[in-house]
$ cat data.pdb   # PDB, N, CA and C atoms and all ligand atoms
MODEL        1
ATOM      1  N   MET H 192       9.122  27.201  20.578
ATOM      2  CA  MET H 192       9.749  27.962  19.480
ATOM      3  C   MET H 192      10.229  26.984  18.399
ATOM      4  N   SER H 193      10.018  27.322  17.159
ATOM      5  CA  SER H 193      10.438  26.400  16.102
ATOM      6  C   SER H 193      11.954  26.453  15.921
ATOM      7  N   GLU H 194      12.489  25.348  15.503
ATOM      8  CA  GLU H 194      13.946  25.232  15.350
ATOM      9  C   GLU H 194      14.445  26.037  14.158
ATOM     10  N   SER H 195      15.576  26.651  14.312
ATOM     11  CA  SER H 195      16.169  27.437  13.231
ATOM     12  C   SER H 195      16.858  26.516  12.226
ATOM     13  N   PHE H 196      17.191  27.071  11.087
ATOM     14  CA  PHE H 196      17.996  26.331  10.102
ATOM     15  C   PHE H 196      19.265  25.814  10.756
ATOM     16  N   GLU H 197      19.905  26.655  11.542
ATOM     17  CA  GLU H 197      21.187  26.277  12.159
ATOM     18  C   GLU H 197      21.015  25.060  13.090
ATOM     19  N   ASP H 198      19.907  25.027  13.868
ATOM     20  CA  ASP H 198      19.631  23.865  14.736
ATOM     21  C   ASP H 198      19.433  22.611  13.889
ATOM     22  N   LYS H 199      18.663  22.762  12.819
ATOM     23  CA  LYS H 199      18.359  21.606  11.972
ATOM     24  C   LYS H 199      19.613  21.109  11.250
ATOM     25  N   MET H 200      20.467  22.042  10.857
ATOM     26  CA  MET H 200      21.700  21.670  10.162
ATOM     27  C   MET H 200      22.648  20.959  11.128
ATOM     28  N   LYS H 201      22.662  21.415  12.381
ATOM     29  CA  LYS H 201      23.503  20.767  13.393
ATOM     30  C   LYS H 201      23.074  19.306  13.564
ATOM     31  N   ALA H 202      21.755  19.101  13.635
ATOM     32  CA  ALA H 202      21.222  17.736  13.758
ATOM     33  C   ALA H 202      21.581  16.917  12.523
ATOM     34  N   MET H 203      21.504  17.545  11.363
ATOM     35  CA  MET H 203      21.801  16.835  10.115
ATOM     36  C   MET H 203      23.281  16.444  10.050
ATOM     37  N   ASN H 204      24.136  17.272  10.601
ATOM     38  CA  ASN H 204      25.572  16.983  10.576
ATOM     39  C   ASN H 204      25.949  15.795  11.456
ATOM     40  N   ASP H 205      25.011  15.377  12.331
ATOM     41  CA  ASP H 205      25.246  14.181  13.155
ATOM     42  C   ASP H 205      24.957  12.893  12.393
ATOM     43  N   LEU H 206      24.365  13.007  11.207
ATOM     44  CA  LEU H 206      24.051  11.809  10.421
ATOM     45  C   LEU H 206      25.342  11.150   9.941
ATOM     46  N   SER H 207      25.278   9.852   9.748
ATOM     47  CA  SER H 207      26.426   9.143   9.146
ATOM     48  C   SER H 207      26.561   9.596   7.697
ATOM     49  N   ASP H 208      27.718   9.330   7.096
ATOM     50  CA  ASP H 208      27.931   9.711   5.695
ATOM     51  C   ASP H 208      26.842   9.116   4.800
ATOM     52  N   GLU H 209      26.507   7.868   5.105
ATOM     53  CA  GLU H 209      25.502   7.158   4.304
ATOM     54  C   GLU H 209      24.118   7.804   4.446
ATOM     55  N   GLU H 210      23.752   8.119   5.711
ATOM     56  CA  GLU H 210      22.455   8.752   5.966
ATOM     57  C   GLU H 210      22.406  10.145   5.335
ATOM     58  N   MET H 211      23.517  10.861   5.419
ATOM     59  CA  MET H 211      23.595  12.205   4.835
ATOM     60  C   MET H 211      23.413  12.123   3.311
ATOM     61  N   ALA H 212      24.093  11.176   2.684
ATOM     62  CA  ALA H 212      23.989  11.019   1.226
ATOM     63  C   ALA H 212      22.545  10.714   0.840
ATOM     64  N   LYS H 213      21.881   9.889   1.646
ATOM     65  CA  LYS H 213      20.487   9.515   1.373
ATOM     66  C   LYS H 213      19.580  10.744   1.493
ATOM     67  N   ARG H 214      19.815  11.531   2.529
ATOM     68  CA  ARG H 214      19.005  12.741   2.755
ATOM     69  C   ARG H 214      19.198  13.739   1.604
ATOM     70  N   ILE H 215      20.442  13.903   1.166
ATOM     71  CA  ILE H 215      20.720  14.819   0.044
ATOM     72  C   ILE H 215      20.002  14.334  -1.220
ATOM     73  N   GLN H 216      20.008  13.023  -1.429
ATOM     74  CA  GLN H 216      19.306  12.465  -2.598
ATOM     75  C   GLN H 216      17.805  12.745  -2.505
ATOM     76  N   GLU H 217      17.242  12.604  -1.293
ATOM     77  CA  GLU H 217      15.807  12.889  -1.098
ATOM     78  C   GLU H 217      15.517  14.359  -1.411
ATOM     79  N   ILE H 218      16.399  15.233  -0.935
ATOM     80  CA  ILE H 218      16.214  16.671  -1.175
ATOM     81  C   ILE H 218      16.306  16.970  -2.668
ATOM     82  N   LYS H 219      17.265  16.352  -3.344
ATOM     83  CA  LYS H 219      17.416  16.589  -4.790
ATOM     84  C   LYS H 219      16.181  16.109  -5.554
ATOM     85  N   ALA H 220      15.579  15.003  -5.096
ATOM     86  CA  ALA H 220      14.384  14.477  -5.775
ATOM     87  C   ALA H 220      13.235  15.473  -5.664
ATOM     88  N   ILE H 221      13.090  16.097  -4.507
ATOM     89  CA  ILE H 221      12.047  17.124  -4.319
ATOM     90  C   ILE H 221      12.409  18.367  -5.122
ATOM     91  N   CYS H 222      13.669  18.722  -5.070
ATOM     92  CA  CYS H 222      14.184  19.918  -5.761
ATOM     93  C   CYS H 222      13.910  19.876  -7.274
ATOM     94  N   ALA H 223      13.872  18.679  -7.825
ATOM     95  CA  ALA H 223      13.647  18.541  -9.275
ATOM     96  C   ALA H 223      12.345  19.195  -9.710
ATOM     97  N   SER H 224      11.347  19.230  -8.814
ATOM     98  CA  SER H 224      10.045  19.835  -9.156
ATOM     99  C   SER H 224      10.029  21.344  -8.925
ATOM    100  N   PHE H 225      11.082  21.881  -8.343
ATOM    101  CA  PHE H 225      11.129  23.322  -8.047
ATOM    102  C   PHE H 225      12.296  23.956  -8.819
ATOM    103  N   CYS H 226      13.512  23.791  -8.362
ATOM    104  CA  CYS H 226      14.658  24.269  -9.157
ATOM    105  C   CYS H 226      14.532  23.791 -10.607
ATOM    106  N   GLY H 227      14.236  22.500 -10.748
ATOM    107  CA  GLY H 227      14.191  21.905 -12.082
ATOM    108  C   GLY H 227      13.174  22.532 -13.009
ATOM    109  N   GLU H 228      12.194  23.233 -12.421
ATOM    110  CA  GLU H 228      11.112  23.838 -13.220
ATOM    111  C   GLU H 228      11.179  25.360 -13.216
ATOM    112  N   CYS H 229      12.174  25.930 -12.573
ATOM    113  CA  CYS H 229      12.170  27.385 -12.382
ATOM    114  C   CYS H 229      12.797  28.113 -13.572
ATOM    115  N   PRO H 230      12.394  29.363 -13.803
ATOM    116  CA  PRO H 230      12.868  30.094 -14.987
ATOM    117  C   PRO H 230      14.369  30.382 -14.991
ATOM    118  N   SER H 231      14.994  30.392 -13.815
ATOM    119  CA  SER H 231      16.443  30.633 -13.774
ATOM    120  C   SER H 231      17.223  29.378 -14.169
ATOM    121  N   TYR H 232      16.560  28.229 -14.068
ATOM    122  CA  TYR H 232      17.221  26.929 -14.277
ATOM    123  C   TYR H 232      17.000  26.389 -15.684
ATOM    124  N   THR H 233      15.729  26.435 -16.110
ATOM    125  CA  THR H 233      15.389  25.772 -17.375
ATOM    126  C   THR H 233      16.103  26.451 -18.546
ATOM    127  N   GLY H 234      16.615  25.653 -19.414
ATOM    128  CA  GLY H 234      17.298  26.156 -20.605
ATOM    129  C   GLY H 234      18.759  26.496 -20.399
ATOM    130  N   THR H 235      19.249  26.339 -19.160
ATOM    131  CA  THR H 235      20.659  26.690 -18.916
ATOM    132  C   THR H 235      21.592  25.507 -19.162
ATOM    133  N   GLY H 236      21.023  24.305 -19.215
ATOM    134  CA  GLY H 236      21.865  23.113 -19.340
ATOM    135  C   GLY H 236      22.286  22.561 -17.992
ATOM    136  N   GLU H 237      21.890  23.237 -16.914
ATOM    137  CA  GLU H 237      22.218  22.753 -15.559
ATOM    138  C   GLU H 237      21.533  21.409 -15.310
ATOM    139  N   THR H 238      22.223  20.487 -14.657
ATOM    140  CA  THR H 238      21.615  19.203 -14.291
ATOM    141  C   THR H 238      21.719  18.946 -12.787
ATOM    142  N   GLU H 239      22.536  19.725 -12.079
ATOM    143  CA  GLU H 239      22.652  19.575 -10.624
ATOM    144  C   GLU H 239      21.378  20.080  -9.954
ATOM    145  N   LEU H 240      21.143  19.611  -8.717
ATOM    146  CA  LEU H 240      19.986  20.049  -7.926
ATOM    147  C   LEU H 240      20.397  20.138  -6.463
ATOM    148  N   GLY H 241      19.526  20.691  -5.640
ATOM    149  CA  GLY H 241      19.795  20.720  -4.198
ATOM    150  C   GLY H 241      20.816  21.767  -3.800
ATOM    151  N   PHE H 242      20.801  22.902  -4.484
ATOM    152  CA  PHE H 242      21.796  23.959  -4.231
ATOM    153  C   PHE H 242      21.766  24.471  -2.786
ATOM    154  N   CYS H 243      20.597  24.444  -2.139
ATOM    155  CA  CYS H 243      20.505  24.928  -0.753
ATOM    156  C   CYS H 243      21.371  24.102   0.189
ATOM    157  N   MET H 244      21.561  22.828  -0.150
ATOM    158  CA  MET H 244      22.309  21.924   0.732
ATOM    159  C   MET H 244      23.718  21.663   0.233
ATOM    160  N   THR H 245      23.994  21.968  -1.016
ATOM    161  CA  THR H 245      25.306  21.610  -1.563
ATOM    162  C   THR H 245      26.147  22.855  -1.838
ATOM    163  N   ASP H 246      25.922  23.472  -2.971
ATOM    164  CA  ASP H 246      26.722  24.640  -3.351
ATOM    165  C   ASP H 246      25.991  25.366  -4.469
ATOM    166  N   LYS H 247      26.469  26.560  -4.803
ATOM    167  CA  LYS H 247      25.852  27.281  -5.916
ATOM    168  C   LYS H 247      26.081  26.533  -7.224
ATOM    169  N   SER H 248      25.334  26.930  -8.236
ATOM    170  CA  SER H 248      25.469  26.323  -9.561
ATOM    171  C   SER H 248      26.727  26.833 -10.250
ATOM    172  N   LYS H 249      27.353  25.975 -11.040
ATOM    173  CA  LYS H 249      28.490  26.404 -11.851
ATOM    174  C   LYS H 249      28.004  26.917 -13.196
ATOM    175  N   VAL H 250      26.709  26.828 -13.445
ATOM    176  CA  VAL H 250      26.135  27.133 -14.754
ATOM    177  C   VAL H 250      25.187  28.341 -14.708
ATOM    178  N   ILE H 251      24.328  28.376 -13.690
ATOM    179  CA  ILE H 251      23.305  29.428 -13.612
ATOM    180  C   ILE H 251      23.935  30.739 -13.147
ATOM    181  N   THR H 252      23.724  31.798 -13.913
ATOM    182  CA  THR H 252      24.285  33.098 -13.537
ATOM    183  C   THR H 252      23.203  34.177 -13.455
ATOM    184  N   GLU H 253      22.094  33.958 -14.167
ATOM    185  CA  GLU H 253      21.040  34.981 -14.204
ATOM    186  C   GLU H 253      19.867  34.607 -13.311
ATOM    187  N   GLU H 254      19.443  35.531 -12.446
ATOM    188  CA  GLU H 254      18.293  35.307 -11.563
ATOM    189  C   GLU H 254      17.029  35.765 -12.276
ATOM    190  N   LYS H 255      16.231  34.785 -12.719
ATOM    191  CA  LYS H 255      15.019  35.107 -13.489
ATOM    192  C   LYS H 255      13.749  34.703 -12.760
ATOM    193  N   GLY H 256      13.836  34.491 -11.461
ATOM    194  CA  GLY H 256      12.711  33.997 -10.668
ATOM    195  C   GLY H 256      13.162  32.754  -9.928
ATOM    196  N   CYS H 257      12.651  32.568  -8.687
ATOM    197  CA  CYS H 257      13.083  31.470  -7.827
ATOM    198  C   CYS H 257      11.855  30.818  -7.189
ATOM    199  N   LEU H 258      11.810  29.488  -7.200
ATOM    200  CA  LEU H 258      10.666  28.757  -6.634
ATOM    201  C   LEU H 258      10.959  28.189  -5.246
ATOM    202  N   CYS H 259      12.113  28.520  -4.685
ATOM    203  CA  CYS H 259      12.497  27.930  -3.390
ATOM    204  C   CYS H 259      11.464  28.160  -2.290
ATOM    205  N   THR H 260      10.822  29.309  -2.262
ATOM    206  CA  THR H 260       9.895  29.568  -1.153
ATOM    207  C   THR H 260       8.671  28.645  -1.215
ATOM    208  N   SER H 261       8.365  28.083  -2.391
ATOM    209  CA  SER H 261       7.249  27.125  -2.514
ATOM    210  C   SER H 261       7.693  25.696  -2.253
ATOM    211  N   CYS H 262       8.963  25.460  -2.167
ATOM    212  CA  CYS H 262       9.510  24.097  -2.030
ATOM    213  C   CYS H 262       9.388  23.639  -0.576
ATOM    214  N   PRO H 263       8.945  22.394  -0.343
ATOM    215  CA  PRO H 263       8.790  21.907   1.042
ATOM    216  C   PRO H 263      10.080  21.886   1.852
ATOM    217  N   ILE H 264      11.229  21.875   1.189
ATOM    218  CA  ILE H 264      12.504  21.882   1.923
ATOM    219  C   ILE H 264      12.685  23.205   2.666
ATOM    220  N   THR H 265      12.115  24.282   2.140
ATOM    221  CA  THR H 265      12.213  25.584   2.816
ATOM    222  C   THR H 265      11.624  25.504   4.223
ATOM    223  N   SER H 266      10.438  24.892   4.376
ATOM    224  CA  SER H 266       9.880  24.775   5.721
ATOM    225  C   SER H 266      10.545  23.649   6.498
ATOM    226  N   GLN H 267      10.835  22.530   5.829
ATOM    227  CA  GLN H 267      11.479  21.408   6.540
ATOM    228  C   GLN H 267      12.800  21.819   7.174
ATOM    229  N   MET H 268      13.574  22.645   6.478
ATOM    230  CA  MET H 268      14.903  23.034   6.971
ATOM    231  C   MET H 268      14.928  24.470   7.518
ATOM    232  N   SER H 269      13.762  25.111   7.606
ATOM    233  CA  SER H 269      13.674  26.512   8.065
ATOM    234  C   SER H 269      14.627  27.430   7.294
ATOM    235  N   LEU H 270      14.615  27.290   5.977
ATOM    236  CA  LEU H 270      15.476  28.141   5.140
ATOM    237  C   LEU H 270      14.950  29.577   5.153
ATOM    238  N   ARG H 271      15.840  30.537   5.268
ATOM    239  CA  ARG H 271      15.455  31.964   5.299
ATOM    240  C   ARG H 271      15.870  32.682   4.014
ATOM    241  N   TRP H 272      16.386  31.942   3.047
ATOM    242  CA  TRP H 272      16.943  32.564   1.846
ATOM    243  C   TRP H 272      16.351  31.914   0.601
ATOM    244  N   LYS H 273      16.730  32.421  -0.564
ATOM    245  CA  LYS H 273      16.404  31.762  -1.833
ATOM    246  C   LYS H 273      17.556  32.039  -2.807
ATOM    247  N   TYR H 274      17.384  31.709  -4.072
ATOM    248  CA  TYR H 274      18.460  31.861  -5.075
ATOM    249  C   TYR H 274      19.766  31.206  -4.622
ATOM    250  N   PHE H 275      19.625  30.004  -4.059
ATOM    251  CA  PHE H 275      20.825  29.256  -3.650
ATOM    252  C   PHE H 275      21.723  28.931  -4.844
ATOM    253  N   CYS H 276      21.109  28.848  -6.031
ATOM    254  CA  CYS H 276      21.903  28.518  -7.237
ATOM    255  C   CYS H 276      22.918  29.605  -7.568
ATOM    256  N   THR H 277      22.616  30.840  -7.238
ATOM    257  CA  THR H 277      23.563  31.925  -7.536
ATOM    258  C   THR H 277      24.287  32.420  -6.277
ATOM    259  N   LEU H 278      23.658  32.249  -5.099
ATOM    260  CA  LEU H 278      24.229  32.837  -3.877
ATOM    261  C   LEU H 278      25.057  31.860  -3.052
ATOM    262  N   GLY H 279      24.807  30.561  -3.216
ATOM    263  CA  GLY H 279      25.520  29.557  -2.436
ATOM    264  C   GLY H 279      24.591  28.829  -1.482
ATOM    265  N   SER H 280      25.129  27.835  -0.786
ATOM    266  CA  SER H 280      24.313  26.974   0.083
ATOM    267  C   SER H 280      23.772  27.760   1.283
ATOM    268  N   ALA H 281      22.751  27.194   1.917
ATOM    269  CA  ALA H 281      22.165  27.822   3.102
ATOM    270  C   ALA H 281      23.210  27.958   4.211
ATOM    271  N   SER H 282      24.100  26.966   4.348
ATOM    272  CA  SER H 282      25.154  27.057   5.373
ATOM    273  C   SER H 282      26.059  28.254   5.100
ATOM    274  N   GLU H 283      26.399  28.458   3.826
ATOM    275  CA  GLU H 283      27.242  29.612   3.472
ATOM    276  C   GLU H 283      26.526  30.931   3.764
ATOM    277  N   LEU H 284      25.227  30.975   3.434
ATOM    278  CA  LEU H 284      24.468  32.211   3.654
ATOM    279  C   LEU H 284      24.300  32.479   5.150
ATOM    280  N   SER H 285      24.170  31.407   5.928
ATOM    281  CA  SER H 285      24.095  31.551   7.381
ATOM    282  C   SER H 285      25.406  32.097   7.936
ATOM    283  N   GLU H 286      26.506  31.534   7.468
ATOM    284  CA  GLU H 286      27.839  31.996   7.902
ATOM    285  C   GLU H 286      28.034  33.486   7.569
ATOM    286  N   ALA H 287      27.566  33.869   6.381
ATOM    287  CA  ALA H 287      27.757  35.254   5.922
ATOM    288  C   ALA H 287      27.012  36.258   6.795
ATOM    289  N   GLU H 288      26.008  35.780   7.534
ATOM    290  CA  GLU H 288      25.234  36.682   8.416
ATOM    291  C   GLU H 288      25.936  36.921   9.744
ATOM    292  N   LYS H 289      26.976  36.121  10.026
ATOM    293  CA  LYS H 289      27.628  36.222  11.349
ATOM    294  C   LYS H 289      28.549  37.425  11.424
TER     295      LYS H 289
HETATM  296  S1  LIG H 301      17.649  28.208  -6.254
HETATM  297 FE1  LIG H 301      15.778  29.254  -6.903
HETATM  298  S2  LIG H 301      16.390  30.370  -8.753
HETATM  299 FE2  LIG H 301      17.940  28.838  -8.356
HETATM  300  S3  LIG H 301      17.351  27.097  -9.576
HETATM  301 FE3  LIG H 301      16.490  26.794  -7.535
HETATM  302  S4  LIG H 301      14.403  27.637  -7.643
HETATM  303 FE4  LIG H 301      15.560  28.391  -9.389
HETATM  304  S1  LIG H 302      14.813  25.078  -1.306
HETATM  305 FE1  LIG H 302      15.341  25.580  -3.418
HETATM  306  S2  LIG H 302      17.396  24.752  -3.727
HETATM  307 FE2  LIG H 302      16.544  23.810  -1.894
HETATM  308  S3  LIG H 302      15.622  21.900  -2.564
HETATM  309 FE3  LIG H 302      14.017  23.438  -2.588
HETATM  310  S4  LIG H 302      13.978  24.301  -4.634
HETATM  311 FE4  LIG H 302      15.918  23.211  -4.389
ENDMDL
END
$ encode --input "data.pdb" --output "structure tokens" --more "lines below"
Ligand code: SF4
Ligand code: SF4
Amino acid sequence: MSESFEDKMKAMNDLSDEEMAKRIQEIKAICASFCGECPSYTGTGETELGFCMTDKSKVITEEKGCLCTSCPITSQMSLRWKYFCTLGSASELSEAEK
């Protein structure tokens, strides 16, 4: 059986602060080609990335289309959601399902 987001997040939480920061940077670099190019993001002035792992955007308010399902982080982290920029991080969305 494939690992759930929650299993993968648990493993990620075992990383050192330094390793975690590096992983977040890697995710943001990939995110730049998806969030960074998506219709909800472009033109808003937003510069943050990696909303699935960090937090919702303080800038983006309108959902005009989401590219998260095409992003490799969705399969790498077994994400079940999208629109992290408006809805909050995957951890928050997971908690909300409990
Ligand atoms: S979470 Fe989805 S809608 Fe929001 S900026 Fe990223 S790709 Fe766009
Ligand atoms: S899943 Fe969405 S928010 Fe997360 S890195 Fe990919 S495009 Fe960005």
$ closest_residue --input "data.pdb" --among "H:Thr277, H:Thr252, H:Thr235, H:Ser193" --to "ligand LIG 301 (chain H)" --atoms "only N, CA and C atoms and all ligand atoms"
H:Thr277
$ residues_around --input "data.pdb" --residues "Leu258 in chain H" --least-positions-apart "5" --cutoff "8 Å" --atoms "only C-alpha atoms" --output "list in words"
Phe225, Cys226 and Cys229 of chain H
$ resolve_selection --input "data.pdb" --expression "the PyMOL selection byres (((not hetatm)) within 7 of (chain H and resi 301))" --output "list in words"
Phe225, Cys226, Gly227, Glu228, Cys229, Pro230, Ser231, Tyr232, Thr233, Phe242, Cys243, Glu254, Lys255, Gly256, Cys257, Leu258, Cys259, Thr260, Lys273, Tyr274, Phe275, Cys276 and Thr277 of chain H
$ axis_aligned_box --input "data.pdb" --around "range 232-246 of chain H" --padding-each-side "4 Å" --output "lines of an AutoDock Vina configuration file"
center_x = 21.1
center_y = 23.6
center_z = -9.9
size_x = 19.3
size_y = 17.3
size_z = 29.3
$ select_by_dssp --input "data.pdb" --residues "chain H" --states "alpha helix (DSSP H)" --output "MDAnalysis selection string"
chainID H and resid 196:204 208:222 263:267 275:278 281:287
$ resolve_selection --input "data.pdb" --expression "the PyMOL selection byres (((chain H and resi 282 and name CA) around 12) and not hetatm and name CA)" --output "ChimeraX atom specification"
/H:195-201,203-204,242-247,268-272,275,278-281,283-289
$ atom_distance --input "data.pdb" --atom1 "CA of Gly236 in chain H" --atom2 "CA of Met211 in chain H"
26.6 Å
$ closest_residue --input "data.pdb" --among "H:Gly234, H:Ile264, H:Ala212, H:Ala223" --to "Ile251 in chain H" --atoms "only C-alpha atoms"
H:Gly234
$ atom_distance --input "data.pdb" --atom1 "CA of Glu209 in chain H" --atom2 "CA of Thr265 in chain H"
22.8 Å
$ atom_distance --input "data.pdb" --atom1 "CA of Leu240 in chain H" --atom2 "CA of Ile218 in chain H"
8.4 Å
$ closest_residue --input "data.pdb" --among "H:Glu253, H:Cys222, H:Asp205, H:Thr238" --to "ligand LIG 302 (chain H)" --atoms "only C-alpha atoms and all ligand atoms"
H:Cys222
